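Just below is one structure, and these are the notes that go with it.
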Amino acid sequence: MSAPQPEGFTATGTIAVQADRRRVVFATIVGTTVEWYDFFIYATAVGLVFGQLFFAPLGTDSTILAFATVGVSFLFRPLGAFLAGHFGDKYGRKVVLMWTLILMGASTALIGLLPTYETIGIAAPILLVLLRILQGISAGGEWGGAVLMAVEHAPRKRRGVFGASPQIGVPLGLLLASGVMALMTIIAPGDAFLQWGWRVPFLLSVVLILVGYYVRRKVEESPVFTELAERKEKAQMPIVQLFKKHALLVVIAALVFAGNNAVGYMTTGGYIQGYATNPDGPLAFERGPVLWAVTGSAVTWLLSTLFAGWVSDRIGRRTTYVIGWILQLIGVFTLFPLVNSGNIGLLFAGLAILTIGLGFTYGPQAALYTELFPASIRFSGVSISYAIGAIVGGAFAPTIATALVQATGSTLSVTWYLAGMTVIGLIATLLLRDRSGIPLGPDHEAEQSVSPIRGLVRA
């Protein structure tokens, strides 16, 4: 029996197809939320505890060193993307998603069990970095599979909103990570938080991974991949084919994401949390209120991300992105004046305004990336573009921001850095044609291979 068609040629509107699509959306949201909870709980802890417990005894700037470990994981995202892309294009989207979820959960739980520098010395930060690397490999493979499962199952005219389901897993993961950390500051206040309270959110990952694994097992394989497998048309060396024919497209797609990711990592990378709670800094807020403000901004990010996916189905991915870059630029220039006001309510307002633009430059990304690459190498294309964009954008954004403030004594330098990354994302977007609604199945490989880069006929 052939798989149900994602475009719904014969089964659109049937109960079975609709139920399957609902399962896909639900499983995608749950799985990516769990995955990004694990990834962000580390970044949140970096700004709050890791500098003190794992890096301070090294005798260097513990804050910069701790934030650098956030970036280290990004350097290994391409490895995860290459592995996931290769196996995802050869053996399917679903199997890759299961293994990335397990790898992320195991790495996160082990971090929660790590002894500190005071207990085992230099081995503590080394083991912490190794586990963060495993998180990076998992994150590099997760996103592409989740995106393709959602978009390749979607009706043609609803790819944007279906594709937003893995995207909202990011703000949901941030909301959950910040919320759990904030709750632990209440349950284990003061020194108790440093002694054991920070470990609980990491250990909670075990329960979340079991839930995510169970939900993902119930989902059918992507219909596009199923059709490729039945026809025996899977690419034998998908990564080689990708860079041979679409190298420039990978670079441009990566820069689109980099413009969003650099700005987003002001919160997801833990920078704002660390900056606002630094006892020697200009604000010195308590941990709890800042974490609750970040949690609240994750809600606005979630809503704007979902709304942007819906909007992109009506006005196109490219136009939605252009609107998003303008909104993001506004958010960049209002962020630090509001954060530096010393008022926790205005700090939340700055983050909320920023997340509106972030949502508009993130919500349509799943559909945009899926429509850029041919079916036979699509997993490799979306995963590797995403991973490279993460390195260029978010990998060392918190580290760069910290160094800029130390060098200039002002957050204005960070504002111009983030504005520059936003403009890069805008330029990359303008270089692409809008391919909203292009057929995704293997019958249309020739059409999919026509370059989406403006001014080029073929990649």
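Each chain in the structure tokens gets a letter, A, B, ..., in the order shown, and its residues are numbered from 1; ligands are numbered from 1 in order too.
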Close residues, Phe336 (chain A) itself excluded, 9 Å, only C-alpha atoms, min 5 positions apart in chain, as a list of chain:residue names: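 Returned residues: A:Ser341, A:Leu347, A:Gly350, A:Thr411, A:Leu412, A:Val414, A:Thr415.
Residue nearest Glu118 (chain A) within the list A:Val96, A:Ala387, A:Leu58, A:Ile41: A:Leu58 [criterion: smallest interatomic distance, only C-alpha atoms].
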Residue set, region 194-229 of chain A restricted to helix (DSSP H, G or I), as a list in words: Leu194, Gln195, Trp196, Gly197, Arg199, Val200, Pro201, Phe202, Leu203, Ser205, Val206, Val207, Leu208, Ile209, Leu210, Val211, Gly212, Tyr213, Tyr214, Val215, Arg216, Arg217, Pro223, Val224, Phe225, Thr226, Glu227, Leu228 and Ala229 of chain A
Given only C-alpha atoms as the counted atoms, nearest of A:Gly141, A:Pro398, A:Gly105, A:Pro57 to Ile122 (chain A): A:Pro57
For the interface of region 321-412 of chain A with region 433-451 of chain A (cut-off 9 Å, counting only C-alpha atoms), please tabulate each contacting residue of region 321-412 of chain A alongside its nearest pair of atoms and their separation in Å to one decimal, rows sorted by chain and increasing number, as a Markdown table.
| residue | atom | partner | partner_atom | distance |
| --- | --- | --- | --- | --- |
| A:Ala367 | CA | A:Ser436 | CA | 7.8 |
| A:Leu368 | CA | A:Ser436 | CA | 7.4 |
| A:Thr370 | CA | A:Leu440 | CA | 8.1 |
| A:Glu371 | CA | A:Arg435 | CA | 6.2 |
| A:Leu372 | CA | A:Arg435 | CA | 7.2 |
| A:Phe373 | CA | A:Gln448 | CA | 6.4 |
| A:Pro374 | CA | A:Gln448 | CA | 5.0 |
| A:Ala375 | CA | A:Pro442 | CA | 5.8 |
| A:Ser376 | CA | A:Pro442 | CA | 7.2 |
Save the residues we just selected, N, CA and C atoms, as a compact mmCIF listing (two decimals), in the first residue's frame?
# COMPACT_ATOMS: atom_id res chain seq x y z
N ALA A 367 8.97 25.70 6.55
CA ALA A 367 8.40 25.62 5.20
C ALA A 367 9.36 26.18 4.17
N LEU A 368 10.02 27.29 4.49
CA LEU A 368 10.98 27.89 3.55
C LEU A 368 12.09 26.91 3.20
N THR A 370 12.22 23.61 3.58
CA THR A 370 11.73 22.40 2.92
C THR A 370 11.49 22.64 1.44
N GLU A 371 10.99 23.82 1.11
CA GLU A 371 10.69 24.14 -0.28
C GLU A 371 11.92 24.54 -1.09
N LEU A 372 13.08 24.69 -0.44
CA LEU A 372 14.30 25.08 -1.16
C LEU A 372 15.01 23.90 -1.81
N PHE A 373 14.90 22.69 -1.23
CA PHE A 373 15.75 21.58 -1.64
C PHE A 373 14.96 20.43 -2.26
N PRO A 374 15.56 19.73 -3.25
CA PRO A 374 14.92 18.56 -3.85
C PRO A 374 14.68 17.44 -2.85
N ALA A 375 13.69 16.61 -3.10
CA ALA A 375 13.26 15.59 -2.15
C ALA A 375 14.38 14.62 -1.77
N SER A 376 15.18 14.20 -2.73
CA SER A 376 16.16 13.13 -2.49
C SER A 376 17.30 13.56 -1.58
Test item: residues at most 6 Å from Leu432 (chain A), only C-alpha atoms, excluding those fewer than 6 positions along its chain, as an NGL selection string: :A and (452-454)
Gly197 (chain A) surroundings by only C-alpha atoms, 12 Å radius, close-in-sequence under 3 positions cut, as a ChimeraX atom specification: /A:45,48-49,112-113,180-194,200-204
Go ahead and write the selection's residues with N, CA and C atoms as a CSV table (one decimal), in the first residue's frame.
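The file below, again.csv, is the result:
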chain,number,residue,atom,x,y,z
A,45,ALA,N,21.6,27.6,32.7
A,45,ALA,CA,22.5,27.3,33.9
A,45,ALA,C,23.8,27.9,33.7
A,48,LEU,N,23.9,31.3,35.3
A,48,LEU,CA,23.5,31.3,36.7
A,48,LEU,C,24.5,30.5,37.6
A,49,VAL,N,25.0,29.4,37.1
A,49,VAL,CA,25.8,28.5,38.1
A,49,VAL,C,27.1,28.0,37.5
A,112,GLY,N,23.2,16.7,35.0
A,112,GLY,CA,22.7,16.8,36.3
A,112,GLY,C,23.3,16.0,37.4
A,113,LEU,N,24.1,15.0,37.0
A,113,LEU,CA,24.8,14.1,37.9
A,113,LEU,C,26.3,14.5,38.1
A,180,VAL,N,11.1,26.1,34.9
A,180,VAL,CA,11.5,25.1,35.9
A,180,VAL,C,12.7,25.6,36.7
A,181,MET,N,13.6,26.4,36.0
A,181,MET,CA,14.7,27.0,36.8
A,181,MET,C,14.2,28.0,37.7
A,182,ALA,N,13.2,28.8,37.3
A,182,ALA,CA,12.6,29.8,38.2
A,182,ALA,C,11.9,29.2,39.4
A,183,LEU,N,11.3,28.1,39.1
A,183,LEU,CA,10.6,27.4,40.2
A,183,LEU,C,11.6,26.8,41.2
A,184,MET,N,12.8,26.4,40.7
A,184,MET,CA,13.8,25.8,41.6
A,184,MET,C,14.4,26.9,42.5
A,185,THR,N,14.4,28.2,42.0
A,185,THR,CA,14.9,29.3,42.8
A,185,THR,C,14.0,29.5,44.0
A,186,ILE,N,12.8,29.1,43.9
A,186,ILE,CA,11.8,29.2,45.0
A,186,ILE,C,12.0,28.0,45.9
A,187,ILE,N,12.0,26.8,45.4
A,187,ILE,CA,12.1,25.6,46.2
A,187,ILE,C,13.5,25.5,46.9
A,188,ALA,N,14.5,25.9,46.1
A,188,ALA,CA,15.9,25.8,46.7
A,188,ALA,C,16.6,27.2,46.6
A,189,PRO,N,16.2,28.2,47.4
A,189,PRO,CA,16.7,29.5,47.3
A,189,PRO,C,18.2,29.6,47.8
A,190,GLY,N,18.8,30.7,47.3
A,190,GLY,CA,20.2,31.0,47.8
A,190,GLY,C,21.2,29.9,47.5
A,191,ASP,N,22.0,29.6,48.6
A,191,ASP,CA,23.0,28.6,48.4
A,191,ASP,C,22.5,27.2,48.0
A,192,ALA,N,21.3,26.9,48.4
A,192,ALA,CA,20.7,25.6,48.1
A,192,ALA,C,20.6,25.4,46.6
A,193,PHE,N,20.3,26.5,45.9
A,193,PHE,CA,20.2,26.5,44.4
A,193,PHE,C,21.6,26.0,43.8
A,194,LEU,N,22.6,26.6,44.3
A,194,LEU,CA,24.0,26.3,43.8
A,194,LEU,C,24.4,24.9,44.3
A,200,VAL,N,18.1,19.6,39.5
A,200,VAL,CA,16.8,19.0,39.3
A,200,VAL,C,16.2,19.1,37.9
A,201,PRO,N,16.3,20.3,37.2
A,201,PRO,CA,15.8,20.5,35.9
A,201,PRO,C,16.5,19.6,34.9
A,202,PHE,N,17.8,19.3,35.1
A,202,PHE,CA,18.6,18.4,34.2
A,202,PHE,C,18.1,16.9,34.4
A,203,LEU,N,17.9,16.5,35.6
A,203,LEU,CA,17.4,15.2,35.9
A,203,LEU,C,16.0,14.9,35.4
A,204,LEU,N,15.2,16.0,35.4
A,204,LEU,CA,13.8,15.9,34.9
A,204,LEU,C,13.8,15.5,33.5
Contacts of region 247-317 of chain A with region 354-358 of chain A up to 12 Å, shortest pair per row, only C-alpha atoms, as a tab-separated table:
residue	atom	partner	partner_atom	distance
A:Phe257	CA	A:Leu358	CA	10.6
A:Ala258	CA	A:Leu358	CA	11.7
A:Gly259	CA	A:Leu358	CA	9.6
A:Asn260	CA	A:Leu358	CA	6.3
A:Asn261	CA	A:Leu358	CA	8.5
A:Ala262	CA	A:Leu358	CA	10.3
A:Val263	CA	A:Leu358	CA	7.7
A:Gly264	CA	A:Leu358	CA	6.7
A:Tyr265	CA	A:Leu358	CA	10.5
A:Met266	CA	A:Leu354	CA	10.0
A:Thr267	CA	A:Thr355	CA	9.9
A:Thr268	CA	A:Thr355	CA	11.3
A:Val294	CA	A:Thr355	CA	10.4
A:Thr295	CA	A:Thr355	CA	11.6
A:Gly296	CA	A:Thr355	CA	10.4
A:Ser297	CA	A:Thr355	CA	6.7
A:Ala298	CA	A:Thr355	CA	7.6
A:Val299	CA	A:Thr355	CA	9.0
A:Thr300	CA	A:Thr355	CA	6.3
A:Trp301	CA	A:Thr355	CA	4.7
A:Leu302	CA	A:Thr355	CA	8.5
A:Leu303	CA	A:Ile356	CA	8.4
A:Ser304	CA	A:Ile356	CA	5.4
A:Thr305	CA	A:Leu358	CA	7.5
A:Leu306	CA	A:Ile356	CA	10.7
A:Phe307	CA	A:Ile356	CA	9.9
A:Ala308	CA	A:Ile356	CA	9.4
Pull C-alpha atoms from the residues just selected and write them as a tab-separated table (two decimals), in the first residue's frame.
chain	number	residue	atom	x	y	z
A	257	PHE	CA	18.95	31.56	9.92
A	258	ALA	CA	22.10	33.23	11.25
A	259	GLY	CA	20.32	36.60	11.30
A	260	ASN	CA	17.63	35.17	13.55
A	261	ASN	CA	19.81	32.94	15.68
A	262	ALA	CA	22.34	35.57	16.79
A	263	VAL	CA	19.56	37.74	18.18
A	264	GLY	CA	17.60	34.84	19.67
A	265	TYR	CA	20.61	33.65	21.62
A	266	MET	CA	20.51	36.73	23.79
A	267	THR	CA	17.95	34.76	25.81
A	268	THR	CA	18.23	31.15	24.63
A	294	VAL	CA	12.33	35.24	30.15
A	295	THR	CA	9.57	32.67	30.64
A	296	GLY	CA	6.94	35.30	29.80
A	297	SER	CA	8.82	36.40	26.69
A	298	ALA	CA	8.89	32.77	25.55
A	299	VAL	CA	5.08	32.94	25.42
A	300	THR	CA	5.14	35.98	23.12
A	301	TRP	CA	7.78	34.25	21.01
A	302	LEU	CA	5.62	31.14	20.73
A	303	LEU	CA	2.55	33.13	19.66
A	304	SER	CA	4.41	35.23	17.10
A	305	THR	CA	6.13	32.13	15.68
A	306	LEU	CA	2.84	30.30	15.18
A	307	PHE	CA	1.18	33.42	13.76
A	308	ALA	CA	4.07	33.98	11.32
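The space separating CA of Asp313 (chain A) from CA of Leu101 (chain A) comes to 29.3 Å.
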Pick from A:Phe26, A:Tyr271, A:Phe74, A:Phe82, whichever lies nearest to Ala43 (chain A) using only C-alpha atoms: A:Tyr271
So that I can see what lies close to region 238-253 of chain A, please list as a compact mmCIF listing (two decimals) with N, CA and C atoms, in the first residue's frame the residues with an atom at most 7 Å from it, counting only C-alpha atoms and leaving out residues fewer than 4 positions away in the same chain.
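Done, and the output landed in result_16.txt:
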# COMPACT_ATOMS: atom_id res chain seq x y z
N HIS A 86 22.60 12.32 6.21
CA HIS A 86 22.95 11.11 5.45
C HIS A 86 21.98 9.96 5.76
N ASP A 89 18.20 10.77 4.77
CA ASP A 89 17.89 10.64 3.34
C ASP A 89 17.96 9.20 2.87
N PHE A 257 19.13 31.99 8.54
CA PHE A 257 18.95 31.56 9.92
C PHE A 257 19.91 32.28 10.87
N ILE A 377 17.56 14.88 -1.46
CA ILE A 377 18.65 15.36 -0.60
C ILE A 377 18.13 16.40 0.40
N SER A 380 19.44 16.36 4.16
CA SER A 380 20.80 16.89 4.23
C SER A 380 20.80 18.40 4.04
N GLY A 381 20.03 18.89 3.09
CA GLY A 381 20.00 20.32 2.80
C GLY A 381 19.52 21.16 3.96
N SER A 385 22.21 23.36 6.35
CA SER A 385 22.00 24.82 6.29
C SER A 385 21.70 25.36 7.69
N ALA A 428 20.14 38.10 2.77
CA ALA A 428 20.07 36.70 2.32
C ALA A 428 18.66 36.34 1.88
N ILE A 453 17.64 30.72 -6.04
CA ILE A 453 18.44 31.94 -5.90
C ILE A 453 18.13 32.87 -7.06
N ALA A 459 20.95 25.41 -9.65
CA ALA A 459 21.98 25.45 -8.61
C ALA A 459 23.24 24.76 -9.10
Near-Trp325 (chain A) list (7 Å; only C-alpha atoms; drop same-chain fewer than 5 positions) as a VMD selection string: chain A and resid 357 361 422 426
Nearest to Ala403 (chain A) by atom-to-atom distance, counting only C-alpha atoms, from A:Pro171, A:Pro364, A:Phe67, A:Thr116: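 Smallest distance to Ala403 (chain A) is found for A:Phe67.
Minimum distance to Val46 (chain A) across A:Leu210, A:Ala68, A:Ala139, A:Ala27 (counting only C-alpha atoms) occurs at A:Ala68.
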Nearest candidate to Ala150 (chain A) (options A:Ala366, A:Ile400, A:Leu430, A:Leu79; using only C-alpha atoms): A:Ala366
Straight-line distance linking CA of Val332 (chain A) with CA of Asn278 (chain A), stated in Å to one decimal: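 Straight-line distance from CA of Val332 (chain A) to CA of Asn278 (chain A) works out to 21.4 Å.
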Between CA of Glu220 (chain A) and CA of Arg23 (chain A) - distance in Å to one decimal: 8.8 Å
